[in-house]
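Below is model.cif, holding mmCIF, C-alpha atoms.
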data_start
#
loop_
_atom_site.label_atom_id
_atom_site.label_comp_id
_atom_site.auth_asym_id
_atom_site.auth_seq_id
_atom_site.Cartn_x
_atom_site.Cartn_y
_atom_site.Cartn_z
CA MET A 5 29.58 6.58 1.00
CA GLN A 6 28.02 6.61 -2.47
CA ARG A 7 26.33 9.76 -3.77
CA ILE A 8 23.04 9.37 -5.63
CA PRO A 9 22.80 12.42 -7.92
CA PRO A 10 19.54 14.38 -7.93
CA GLN A 11 16.61 12.63 -9.64
CA THR A 12 18.40 9.27 -9.97
CA GLY A 13 18.54 5.96 -8.11
CA VAL A 14 20.73 2.94 -7.33
CA GLY A 15 20.21 -0.79 -6.87
CA LEU A 16 21.96 -2.57 -4.00
CA ARG A 17 22.26 -6.08 -2.59
CA LEU A 18 22.06 -6.55 1.17
CA ARG A 19 22.81 -9.76 3.02
CA THR A 20 21.16 -10.56 6.35
CA GLY A 21 22.72 -8.36 9.00
CA ASP A 22 24.08 -5.74 6.62
CA ARG A 23 23.27 -2.11 7.43
CA LEU A 24 22.09 0.40 4.84
CA VAL A 25 22.88 4.00 5.77
CA VAL A 26 20.89 6.73 4.00
CA VAL A 27 22.01 10.31 4.58
CA ASP A 28 20.42 13.57 3.47
CA PRO A 29 23.59 15.56 2.74
CA THR A 30 21.94 18.93 2.17
CA GLY A 31 18.71 18.64 4.18
CA GLY A 32 15.18 18.74 2.81
CA GLN A 33 15.52 15.81 0.39
CA VAL A 34 13.35 12.68 0.12
CA SER A 35 14.71 9.22 -0.70
CA ASP A 36 12.33 6.46 -1.83
CA LEU A 37 13.28 2.92 -0.75
CA PHE A 38 11.87 -0.34 -2.08
CA CYS A 39 13.09 -3.90 -1.60
CA VAL A 40 12.30 -7.48 -2.49
CA ALA A 41 13.56 -10.79 -1.16
CA GLY A 42 17.07 -11.67 -2.29
CA ASP A 43 16.79 -15.28 -1.11
CA GLY A 44 14.46 -16.53 -3.83
CA GLY A 45 11.29 -15.71 -1.89
CA ASP A 46 8.30 -14.01 -3.49
CA ASP A 47 8.37 -11.17 -0.95
CA TRP A 48 8.19 -7.43 -1.51
CA LEU A 49 8.02 -4.53 0.92
CA SER A 50 4.44 -4.10 2.18
CA ASN A 51 3.16 -0.95 3.86
CA GLY A 52 -0.16 -2.62 4.68
CA ARG A 53 1.45 -5.48 6.62
CA THR A 54 3.85 -3.10 8.35
CA ILE A 55 1.08 -0.71 9.44
CA ASP A 56 -1.03 -3.63 10.69
CA TYR A 57 1.78 -5.23 12.72
CA GLY A 58 3.27 -1.96 13.97
CA ASN A 59 -0.13 -0.47 14.84
CA THR A 60 0.99 2.90 13.47
CA MET A 61 1.33 4.75 10.19
CA TYR A 62 4.63 6.42 11.15
CA PHE A 63 7.85 4.46 11.67
CA SER A 64 11.16 5.24 13.33
CA THR A 65 13.97 3.68 15.38
CA GLY A 66 13.17 0.16 16.55
CA ASP A 67 10.36 -0.47 14.07
CA THR A 68 10.37 -3.40 11.66
CA LEU A 69 9.28 -3.21 8.02
CA TYR A 70 7.51 -6.37 6.78
CA SER A 71 7.02 -8.08 3.44
CA ASN A 72 3.69 -9.00 1.88
CA LEU A 73 4.36 -12.53 3.16
CA SER A 74 4.78 -11.16 6.69
CA ARG A 75 8.53 -11.73 6.94
CA PRO A 76 10.62 -9.01 8.63
CA MET A 77 12.69 -7.30 5.91
CA LEU A 78 14.29 -4.29 7.60
CA THR A 79 14.62 -2.95 11.13
CA ILE A 80 15.20 0.77 11.62
CA GLU A 81 18.29 1.10 13.81
CA GLN A 82 18.92 4.85 13.67
CA ASP A 83 16.73 7.76 12.64
CA THR A 84 17.90 11.28 13.39
CA CYS A 85 15.03 12.89 11.44
CA GLY A 86 11.90 11.12 12.71
CA LYS A 87 9.51 12.00 9.86
CA HIS A 88 8.98 9.64 6.94
CA ASP A 89 6.11 8.42 4.77
CA PHE A 90 5.00 4.87 4.07
CA LEU A 91 1.67 5.54 2.35
CA LEU A 92 2.53 6.98 -1.04
CA THR A 93 3.74 5.34 -4.21
CA PRO A 94 6.95 6.53 -5.90
CA CYS A 95 6.40 9.47 -8.24
CA SER A 96 6.00 8.32 -11.84
CA GLN A 97 5.50 9.96 -15.21
CA ALA A 98 1.75 9.54 -14.63
CA THR A 99 2.10 11.36 -11.29
CA PHE A 100 3.54 14.39 -13.05
CA ASP A 101 0.98 14.16 -15.85
CA LEU A 102 -1.94 13.99 -13.39
CA LEU A 103 -0.83 16.23 -10.53
CA TYR A 104 1.48 18.75 -12.19
CA PRO A 105 -0.22 20.10 -15.33
CA GLU A 106 2.37 22.90 -15.34
CA PHE A 107 4.82 20.39 -16.82
CA GLY A 108 2.50 19.94 -19.81
CA GLY A 109 3.02 16.18 -19.98
CA ALA A 110 6.73 16.58 -20.77
CA PRO A 111 9.00 13.67 -19.83
CA HIS A 112 10.13 14.08 -16.21
CA PRO A 113 12.53 11.96 -14.14
CA SER A 114 10.66 9.90 -11.56
CA CYS A 115 11.36 7.62 -8.63
CA PHE A 116 9.32 4.86 -10.27
CA ASP A 117 11.39 4.96 -13.46
CA ASN A 118 14.59 5.21 -11.42
CA LEU A 119 13.59 2.22 -9.26
CA CYS A 120 12.72 0.24 -12.39
CA ALA A 121 16.14 1.05 -13.83
CA ALA A 122 17.93 0.26 -10.56
CA LEU A 123 16.08 -2.97 -9.75
CA GLY A 124 15.48 -4.25 -13.29
CA PRO A 125 19.05 -5.56 -13.72
CA LEU A 126 18.59 -7.42 -10.42
CA GLY A 127 15.54 -9.20 -11.86
CA VAL A 128 12.74 -7.13 -10.34
CA GLU A 129 9.75 -6.48 -12.61
CA PRO A 130 8.14 -2.99 -12.66
CA GLY A 131 4.79 -4.50 -11.63
CA THR A 132 6.37 -5.62 -8.34
CA ILE A 133 7.23 -2.07 -7.28
CA SER A 134 4.38 -0.90 -5.08
CA THR A 135 4.38 1.54 -2.17
CA THR A 136 7.86 2.68 -1.20
CA PHE A 137 9.20 3.66 2.21
CA ASN A 138 9.75 7.35 1.56
CA ILE A 139 12.62 8.38 3.82
CA PHE A 140 12.48 12.02 4.99
CA MET A 141 9.13 12.58 3.18
CA ASN A 142 6.87 14.80 5.26
CA VAL A 143 3.31 13.60 4.74
CA TRP A 144 0.59 14.14 7.32
CA PHE A 145 -3.18 13.89 7.47
CA GLU A 146 -5.97 15.85 9.04
CA ALA A 147 -8.51 13.90 11.11
CA ASP A 148 -10.90 13.89 8.13
CA GLY A 149 -8.22 12.20 6.01
CA THR A 150 -7.08 15.23 4.00
CA MET A 151 -3.42 14.79 3.06
CA HIS A 152 -0.63 17.36 3.23
CA ILE A 153 2.83 16.98 1.69
CA ASP A 154 5.16 19.50 3.30
CA PRO A 155 8.90 20.03 2.73
CA PRO A 156 11.03 17.48 4.63
CA ILE A 157 12.11 18.48 8.12
CA SER A 158 15.46 16.72 7.63
CA GLY A 159 18.58 18.82 8.13
CA ALA A 160 21.98 18.38 6.47
CA GLY A 161 23.51 15.14 7.70
CA ASP A 162 20.35 13.51 9.01
CA ARG A 163 20.74 9.72 8.95
CA PHE A 164 18.40 6.78 8.49
CA VAL A 165 19.97 3.37 9.13
CA VAL A 166 18.26 0.02 8.55
CA ARG A 167 19.44 -3.53 9.24
CA ALA A 168 18.59 -6.23 6.71
CA GLU A 169 16.62 -9.02 8.42
CA MET A 170 16.91 -11.18 5.29
CA ASP A 171 18.85 -11.11 2.03
CA LEU A 172 17.43 -8.24 0.00
CA LEU A 173 17.54 -6.48 -3.34
CA VAL A 174 17.09 -2.79 -2.61
CA GLY A 175 16.37 0.26 -4.74
CA VAL A 176 17.06 3.74 -3.33
CA THR A 177 16.44 7.08 -5.02
CA ALA A 178 17.05 10.78 -4.64
CA CYS A 179 13.42 11.76 -5.21
CA SER A 180 12.54 13.52 -8.47
CA ALA A 181 9.42 15.47 -7.43
CA GLU A 182 10.27 19.12 -6.88
CA LYS A 183 7.21 19.79 -4.73
CA SER A 184 8.05 17.01 -2.24
CA ASN A 185 11.56 18.39 -1.78
CA GLY A 186 11.07 22.05 -1.01
CA GLY A 187 11.21 23.07 -4.67
CA GLU A 188 14.65 21.68 -5.52
CA CYS A 189 15.79 18.09 -6.14
CA LYS A 190 19.05 17.37 -4.32
CA PRO A 191 21.35 14.32 -3.88
CA ILE A 192 21.19 11.49 -1.34
CA ASP A 193 24.16 9.57 0.10
CA VAL A 194 24.07 5.83 0.80
CA GLU A 195 26.46 3.31 2.27
CA VAL A 196 26.25 -0.44 2.85
CA ILE A 197 28.02 -1.61 6.01
CA PRO A 198 28.51 -5.40 5.89
CA GLU A 199 27.68 -7.32 9.04
CA SER A 200 30.96 -9.20 8.82
CA PRO A 201 33.63 -7.22 6.97
CA ALA A 202 35.84 -9.39 4.80
CA THR A 203 39.01 -10.30 6.68
CA GLU A 204 41.01 -11.61 3.74
CA MET B 16 -28.01 -10.57 -4.94
CA GLN B 17 -25.40 -13.20 -4.03
CA ARG B 18 -24.67 -13.97 -0.37
CA ILE B 19 -21.02 -14.41 0.64
CA PRO B 20 -21.11 -16.65 3.73
CA PRO B 21 -19.06 -15.58 6.77
CA GLN B 22 -15.28 -15.95 6.36
CA THR B 23 -15.43 -16.70 2.61
CA GLY B 24 -14.99 -14.80 -0.65
CA VAL B 25 -16.02 -14.71 -4.31
CA GLY B 26 -14.35 -13.86 -7.62
CA LEU B 27 -16.23 -11.74 -10.15
CA ARG B 28 -15.69 -10.33 -13.62
CA LEU B 29 -16.74 -6.75 -14.31
CA ARG B 30 -16.88 -5.09 -17.71
CA THR B 31 -16.40 -1.36 -18.14
CA GLY B 32 -19.52 0.37 -16.88
CA ASP B 33 -20.79 -2.50 -14.76
CA ARG B 34 -21.76 -1.70 -11.18
CA LEU B 35 -20.74 -3.81 -8.20
CA VAL B 36 -23.10 -3.47 -5.25
CA VAL B 37 -21.77 -4.55 -1.84
CA VAL B 38 -24.29 -4.66 1.01
CA ASP B 39 -23.74 -5.29 4.72
CA PRO B 40 -26.90 -7.28 5.45
CA THR B 41 -26.55 -7.40 9.24
CA GLY B 42 -24.44 -4.32 9.99
CA GLY B 43 -20.98 -4.27 11.49
CA GLN B 44 -19.27 -6.45 8.86
CA VAL B 45 -16.14 -5.70 6.80
CA SER B 46 -15.70 -6.74 3.15
CA ASP B 47 -12.23 -6.71 1.57
CA LEU B 48 -12.11 -5.86 -2.14
CA PHE B 49 -9.20 -6.34 -4.53
CA CYS B 50 -9.09 -6.11 -8.31
CA VAL B 51 -6.74 -6.40 -11.25
CA ALA B 52 -7.07 -5.43 -14.90
CA GLY B 53 -9.30 -7.73 -16.91
CA ASP B 54 -8.16 -6.31 -20.24
CA GLY B 55 -4.71 -7.86 -20.33
CA GLY B 56 -3.04 -4.94 -18.56
CA ASP B 57 -0.53 -5.42 -15.74
CA ASP B 58 -2.59 -3.29 -13.34
CA TRP B 59 -3.64 -4.00 -9.78
CA LEU B 60 -5.48 -1.85 -7.22
CA SER B 61 -3.06 0.63 -5.60
CA ASN B 62 -3.77 2.45 -2.36
CA GLY B 63 -0.61 4.57 -2.77
CA ARG B 64 -1.63 5.95 -6.17
CA THR B 65 -5.21 6.49 -4.99
CA ILE B 66 -4.14 8.38 -1.86
CA ASP B 67 -1.73 10.52 -3.89
CA TYR B 68 -4.26 11.43 -6.58
CA GLY B 69 -7.21 11.82 -4.19
CA ASN B 70 -5.20 13.81 -1.64
CA THR B 71 -6.90 11.90 1.17
CA MET B 72 -6.69 8.61 3.04
CA TYR B 73 -10.47 8.16 3.29
CA PHE B 74 -12.66 7.58 0.25
CA SER B 75 -16.39 7.83 -0.40
CA THR B 76 -18.95 8.77 -3.05
CA GLY B 77 -17.39 10.38 -6.12
CA ASP B 78 -13.85 9.18 -5.46
CA THR B 79 -11.87 7.13 -7.96
CA LEU B 80 -9.66 4.16 -7.07
CA TYR B 81 -6.52 3.88 -9.23
CA SER B 82 -4.23 1.09 -10.36
CA ASN B 83 -0.47 0.94 -9.85
CA LEU B 84 -0.20 2.10 -13.48
CA SER B 85 -2.38 5.12 -12.65
CA ARG B 86 -5.44 3.98 -14.58
CA PRO B 87 -8.87 4.59 -12.99
CA MET B 88 -10.25 1.20 -11.94
CA LEU B 89 -13.37 1.96 -9.89
CA THR B 90 -15.47 5.02 -9.08
CA ILE B 91 -17.52 5.02 -5.88
CA GLU B 92 -21.09 5.87 -6.91
CA GLN B 93 -22.97 5.27 -3.67
CA ASP B 94 -21.82 4.93 -0.06
CA THR B 95 -24.41 4.96 2.69
CA CYS B 96 -21.84 4.14 5.42
CA GLY B 97 -18.99 6.59 4.82
CA LYS B 98 -16.24 4.79 6.75
CA HIS B 99 -13.81 2.44 5.02
CA ASP B 100 -10.11 1.60 5.12
CA PHE B 101 -7.57 1.59 2.31
CA LEU B 102 -4.36 1.20 4.32
CA LEU B 103 -4.38 -2.37 5.62
CA THR B 104 -3.63 -5.64 3.90
CA PRO B 105 -6.18 -8.48 3.98
CA CYS B 106 -5.95 -10.63 7.10
CA SER B 107 -3.84 -13.73 6.48
CA GLN B 108 -2.77 -16.78 8.46
CA ALA B 109 0.34 -14.81 9.42
CA THR B 110 -1.85 -11.96 10.69
CA PHE B 111 -3.57 -14.32 13.10
CA ASP B 112 -0.26 -15.94 14.09
CA LEU B 113 1.38 -12.56 14.79
CA LEU B 114 -1.49 -10.46 16.20
CA TYR B 115 -3.76 -13.03 17.83
CA PRO B 116 -1.67 -15.38 19.98
CA GLU B 117 -4.91 -16.54 21.61
CA PHE B 118 -5.51 -18.67 18.48
CA GLY B 119 -2.26 -20.53 19.18
CA GLY B 120 -1.22 -20.65 15.54
CA ALA B 121 -4.23 -22.79 14.60
CA PRO B 122 -5.43 -22.58 10.99
CA HIS B 123 -7.89 -19.68 10.65
CA PRO B 124 -9.90 -18.54 7.64
CA SER B 125 -8.50 -15.31 6.20
CA CYS B 126 -9.33 -12.71 3.59
CA PHE B 127 -5.95 -13.30 1.93
CA ASP B 128 -6.57 -17.04 1.51
CA ASN B 129 -10.14 -16.35 0.40
CA LEU B 130 -8.97 -13.79 -2.18
CA CYS B 131 -6.33 -16.22 -3.43
CA ALA B 132 -9.02 -18.91 -3.81
CA ALA B 133 -11.44 -16.48 -5.47
CA LEU B 134 -8.97 -14.85 -7.86
CA GLY B 135 -6.67 -17.81 -8.53
CA PRO B 136 -9.05 -19.45 -11.01
CA LEU B 137 -9.19 -16.10 -12.85
CA GLY B 138 -5.40 -16.18 -13.24
CA VAL B 139 -4.35 -13.84 -10.42
CA GLU B 140 -1.21 -14.89 -8.51
CA PRO B 141 -1.12 -14.56 -4.69
CA GLY B 142 1.91 -12.24 -4.94
CA THR B 143 -0.23 -9.73 -6.85
CA ILE B 144 -2.69 -9.31 -3.98
CA SER B 145 -1.51 -6.27 -2.02
CA THR B 146 -3.51 -3.74 -0.02
CA THR B 147 -7.25 -4.24 -0.33
CA PHE B 148 -10.02 -1.64 -0.20
CA ASN B 149 -11.63 -2.67 3.06
CA ILE B 150 -15.28 -1.72 2.76
CA PHE B 151 -16.97 -0.82 6.09
CA MET B 152 -13.65 -1.28 8.00
CA ASN B 153 -13.32 1.34 10.71
CA VAL B 154 -9.66 2.27 10.96
CA TRP B 155 -8.50 5.65 12.24
CA PHE B 156 -5.26 7.21 13.39
CA GLU B 157 -4.19 9.57 16.11
CA ALA B 158 -2.08 12.56 15.06
CA ASP B 159 1.07 10.70 16.18
CA GLY B 160 0.20 7.84 13.83
CA THR B 161 -1.16 5.36 16.37
CA MET B 162 -3.76 3.14 14.71
CA HIS B 163 -7.15 2.09 16.03
CA ILE B 164 -9.39 -0.59 14.54
CA ASP B 165 -12.91 -0.14 15.86
CA PRO B 166 -16.08 -2.08 15.01
CA PRO B 167 -17.63 -0.96 11.71
CA ILE B 168 -20.23 1.79 11.94
CA SER B 169 -22.24 0.20 9.11
CA GLY B 170 -25.84 -0.65 9.86
CA ALA B 171 -27.96 -3.41 8.33
CA GLY B 172 -28.50 -2.64 4.66
CA ASP B 173 -25.69 -0.15 4.22
CA ARG B 174 -24.60 -0.10 0.57
CA PHE B 175 -21.33 0.54 -1.26
CA VAL B 176 -21.62 0.76 -5.03
CA VAL B 177 -18.69 1.09 -7.45
CA ARG B 178 -18.64 1.53 -11.23
CA ALA B 179 -15.95 -0.32 -13.20
CA GLU B 180 -13.88 2.16 -15.20
CA MET B 181 -12.17 -0.69 -17.05
CA ASP B 182 -12.63 -4.44 -17.43
CA LEU B 183 -11.74 -5.98 -14.07
CA LEU B 184 -11.27 -9.23 -12.20
CA VAL B 185 -12.53 -8.62 -8.67
CA GLY B 186 -12.28 -10.53 -5.41
CA VAL B 187 -14.68 -9.70 -2.57
CA THR B 188 -14.77 -11.25 0.91
CA ALA B 189 -16.82 -11.36 4.06
CA CYS B 190 -13.88 -10.58 6.37
CA SER B 191 -12.58 -13.39 8.59
CA ALA B 192 -11.06 -11.39 11.45
CA GLU B 193 -13.34 -11.43 14.47
CA LYS B 194 -11.78 -8.34 16.04
CA SER B 195 -12.39 -6.17 12.95
CA ASN B 196 -16.06 -7.15 12.88
CA GLY B 197 -17.30 -6.48 16.40
CA GLY B 198 -16.44 -9.99 17.59
CA GLU B 199 -18.52 -11.98 15.09
CA CYS B 200 -17.93 -12.74 11.42
CA LYS B 201 -21.10 -12.23 9.39
CA PRO B 202 -22.08 -12.50 5.69
CA ILE B 203 -21.85 -9.91 2.92
CA ASP B 204 -24.17 -9.57 -0.09
CA VAL B 205 -22.94 -8.64 -3.58
CA GLU B 206 -24.58 -8.00 -6.92
CA VAL B 207 -23.21 -7.13 -10.34
CA ILE B 208 -25.44 -4.82 -12.35
CA PRO B 209 -24.40 -4.88 -16.02
CA GLU B 210 -24.17 -1.52 -17.76
CA SER B 211 -26.15 -2.83 -20.69
CA PRO B 212 -28.46 -5.68 -19.71
CA ALA B 213 -28.60 -8.37 -22.36
CA THR B 214 -31.64 -7.80 -24.60
CA GLU B 215 -31.65 -11.12 -26.39
#

Structure re-expressed in structure tokens:
Amino acid sequence: MQRIPPQTGVGLRLRTGDRLVVVDPTGGQVSDLFCVAGDGGDDWLSNGRTIDYGNTMYFSTGDTLYSNLSRPMLTIEQDTCGKHDFLLTPCSQATFDLLYPEFGGAPHPSCFDNLCAALGPLGVEPGTISTTFNIFMNVWFEADGTMHIDPPISGAGDRFVVRAEMDLLVGVTACSAEKSNGGECKPIDVEVIPESPATE
Amino acid sequence: MQRIPPQTGVGLRLRTGDRLVVVDPTGGQVSDLFCVAGDGGDDWLSNGRTIDYGNTMYFSTGDTLYSNLSRPMLTIEQDTCGKHDFLLTPCSQATFDLLYPEFGGAPHPSCFDNLCAALGPLGVEPGTISTTFNIFMNVWFEADGTMHIDPPISGAGDRFVVRAEMDLLVGVTACSAEKSNGGECKPIDVEVIPESPATE
């Protein structure tokens, strides 16, 4: 199990069949996930395709996350929390500048910058990073569309496990936005479980 | 006023301050809109940023649509319908293959292909086309996230007018998915009104 310190991120390679385990070690912490094809395809994680094919805006155990080219990328195999967001973009410097004037435009860590840093060395351009799957993020909407971002309902040890349906390059963060994380940015733990452990 | 025949699309250039008028001439017809920066920037229309900054999933008069780089792209100046979608991707061949088995995998016109054809000559790659703003599309969600796509509530002559907040390359379609359009795919009318009409 690898610890992602608060307000940072990691880049990972998954092969088809590998599992990615994301754990909230303290409770109440969001983790943004983005991925692109690792097999040379021009695919990236698409919330629009996933919502259309899943016929829902909320996703949990058994649901498949699709690419913009309609290929299955990830299947959710375990979800002990049950509340995640797939509508919002990763927080960026512009997010803090626009939504949090109390920071006065000062540089602030962000999931977007952390995903760029994590995925850049794997060859992923910043312009490819669109809407993330925001694990443990508690976003809900009134019938008139008004959005609410509440503290995550995840408790210490809650797990979110996905299976790679294709080779993938994955970025995972411990989210940097205080307000989305109950006022305090905390770590996230991740582990890659290979489908076929090396036997050598 | 330019007529977009059923199940086709057009590519347009807008300069800052230009208005794009989209009219549903018959009622009950969806029009997918996508745009990218026309000023050399690496921006494309982002539902995630727009939802985050607007604090809503539904958009109408007075709302601004943002790019992935958090720049304002379009402001909605007039909306006589009031019901649009900004969560779903444009219908594609894969959409019909996956969601409409009754078509048996036969080639079907799609908003994605029509946007590719409309925006390709303007230099926009297919992989850049993500979630569209789906004018007049009637998508709503139950509290548990379950999605419903109902026929548009737009009547004949309903208008949707946006102002370009930056130079833009825009693709607009008359949507190709029968089920999203009350069973019949109909035309859409568009007009670009320059901010400063040529006086020469």

List, as a compact mmCIF listing (two decimals) with C-alpha atoms, in the frame of the given file, every residue that the PyMOL selection byres ((chain B) within 7 of (chain A)) selects in the file provided.
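In the end it all went to expr.txt:
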# COMPACT_ATOMS: atom_id res chain seq x y z
CA ASP B 57 -0.53 -5.42 -15.74
CA GLY B 63 -0.61 4.57 -2.77
CA ARG B 64 -1.63 5.95 -6.17
CA ILE B 66 -4.14 8.38 -1.86
CA ASP B 67 -1.73 10.52 -3.89
CA ASN B 70 -5.20 13.81 -1.64
CA THR B 71 -6.90 11.90 1.17
CA MET B 72 -6.69 8.61 3.04
CA TYR B 73 -10.47 8.16 3.29
CA SER B 85 -2.38 5.12 -12.65
CA LEU B 102 -4.36 1.20 4.32
CA LEU B 103 -4.38 -2.37 5.62
CA THR B 104 -3.63 -5.64 3.90
CA ALA B 109 0.34 -14.81 9.42
CA GLY B 142 1.91 -12.24 -4.94
CA THR B 146 -3.51 -3.74 -0.02
CA GLY B 160 0.20 7.84 13.83
CA THR B 161 -1.16 5.36 16.37
CA MET B 162 -3.76 3.14 14.71

_Quick one: residues within 8 Å of segment 44-55 of chain B, all atoms listed in the file, excluding same-chain residues fewer than 6 positions away - as a ChimeraX atom specification?_
/B:28-29,82,88,105,126,130,139,144,146-152,167,169,181-190,195-197,200-203

_Atom pair atom CA of Thr41 of chain B / atom CA of Ala171 of chain B: separation (Å)_ = 4.3 Å

_What does the structure give for the distance between atom CA of Ala179 of chain B and atom CA of Leu35 of chain B, in Å to one decimal?_
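Separation between atom CA of Ala179 of chain B and atom CA of Leu35 of chain B: 7.8 Å.
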
*Find the distance between atom CA of Glu193 of chain B and atom CA of Glu117 of chain B and write it in Å to one decimal.*
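Value for the atom CA of Glu193 of chain B-atom CA of Glu117 of chain B distance: 12.2 Å.
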
*Counting only C-alpha atoms, figure out which residue out of A:Val25, A:Leu78, A:Leu126, A:Val143 gets nearest to Val165 of chain A.*
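Of all the options, A:Val25 lies closest to Val165 of chain A.
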
*asked:* For this structure, which residues satisfy the selection - the PyMOL selection byres ((chain A and resi 164) around 10) - when it is evaluated on the file as given? I want them as a ChimeraX atom specification.
replied: /A:24-28,64-65,80-86,88,139-140,161-163,165-166,194

_Considering all atoms listed in the file, can you say which of B:Arg178, B:Leu60, B:Tyr81, B:Ala192 comes closest to Arg30 of chain B?_
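Comparing B:Arg178, B:Leu60, B:Tyr81, B:Ala192 against Arg30 of chain B, the winner is B:Arg178.
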
*Could you tell me which residues the PyMOL selection byres ((chain B and resi 209) around 8) returns for this structure, as a PyMOL selection string?*
chain B and resi 30+32-34+207-208+210-212

*Return the single residue from B:Pro124, B:Gly24, B:Gly77, B:Pro87 that is closest to Ser191 of chain B, with distances computed using only C-alpha atoms.*
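Closest residue, counting only C-alpha atoms: B:Pro124.
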
_Given only C-alpha atoms as the counted atoms, nearest of B:Gly170, B:Gly138, B:Pro40, B:Gly198 to Pro20 of chain B_ =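 Counting only C-alpha atoms, the residue closest to Pro20 of chain B is B:Pro40.
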
_My list of candidates is A:Thr79, A:Tyr104, A:Lys87, A:Asp193. Which is closest to Thr12 of chain A when distances are computed with all atoms listed in the file?_
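Closest to Thr12 of chain A of all the choices is A:Asp193.
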
Coordinates of box centre and edge lengths for segment 116-124 of chain A, 4 Å on every side, axis-aligned, as lines of an AutoDock Vina configuration file:
center_x = 13.6
center_y = 0.5
center_z = -11.5
size_x = 16.6
size_y = 17.5
size_z = 12.6
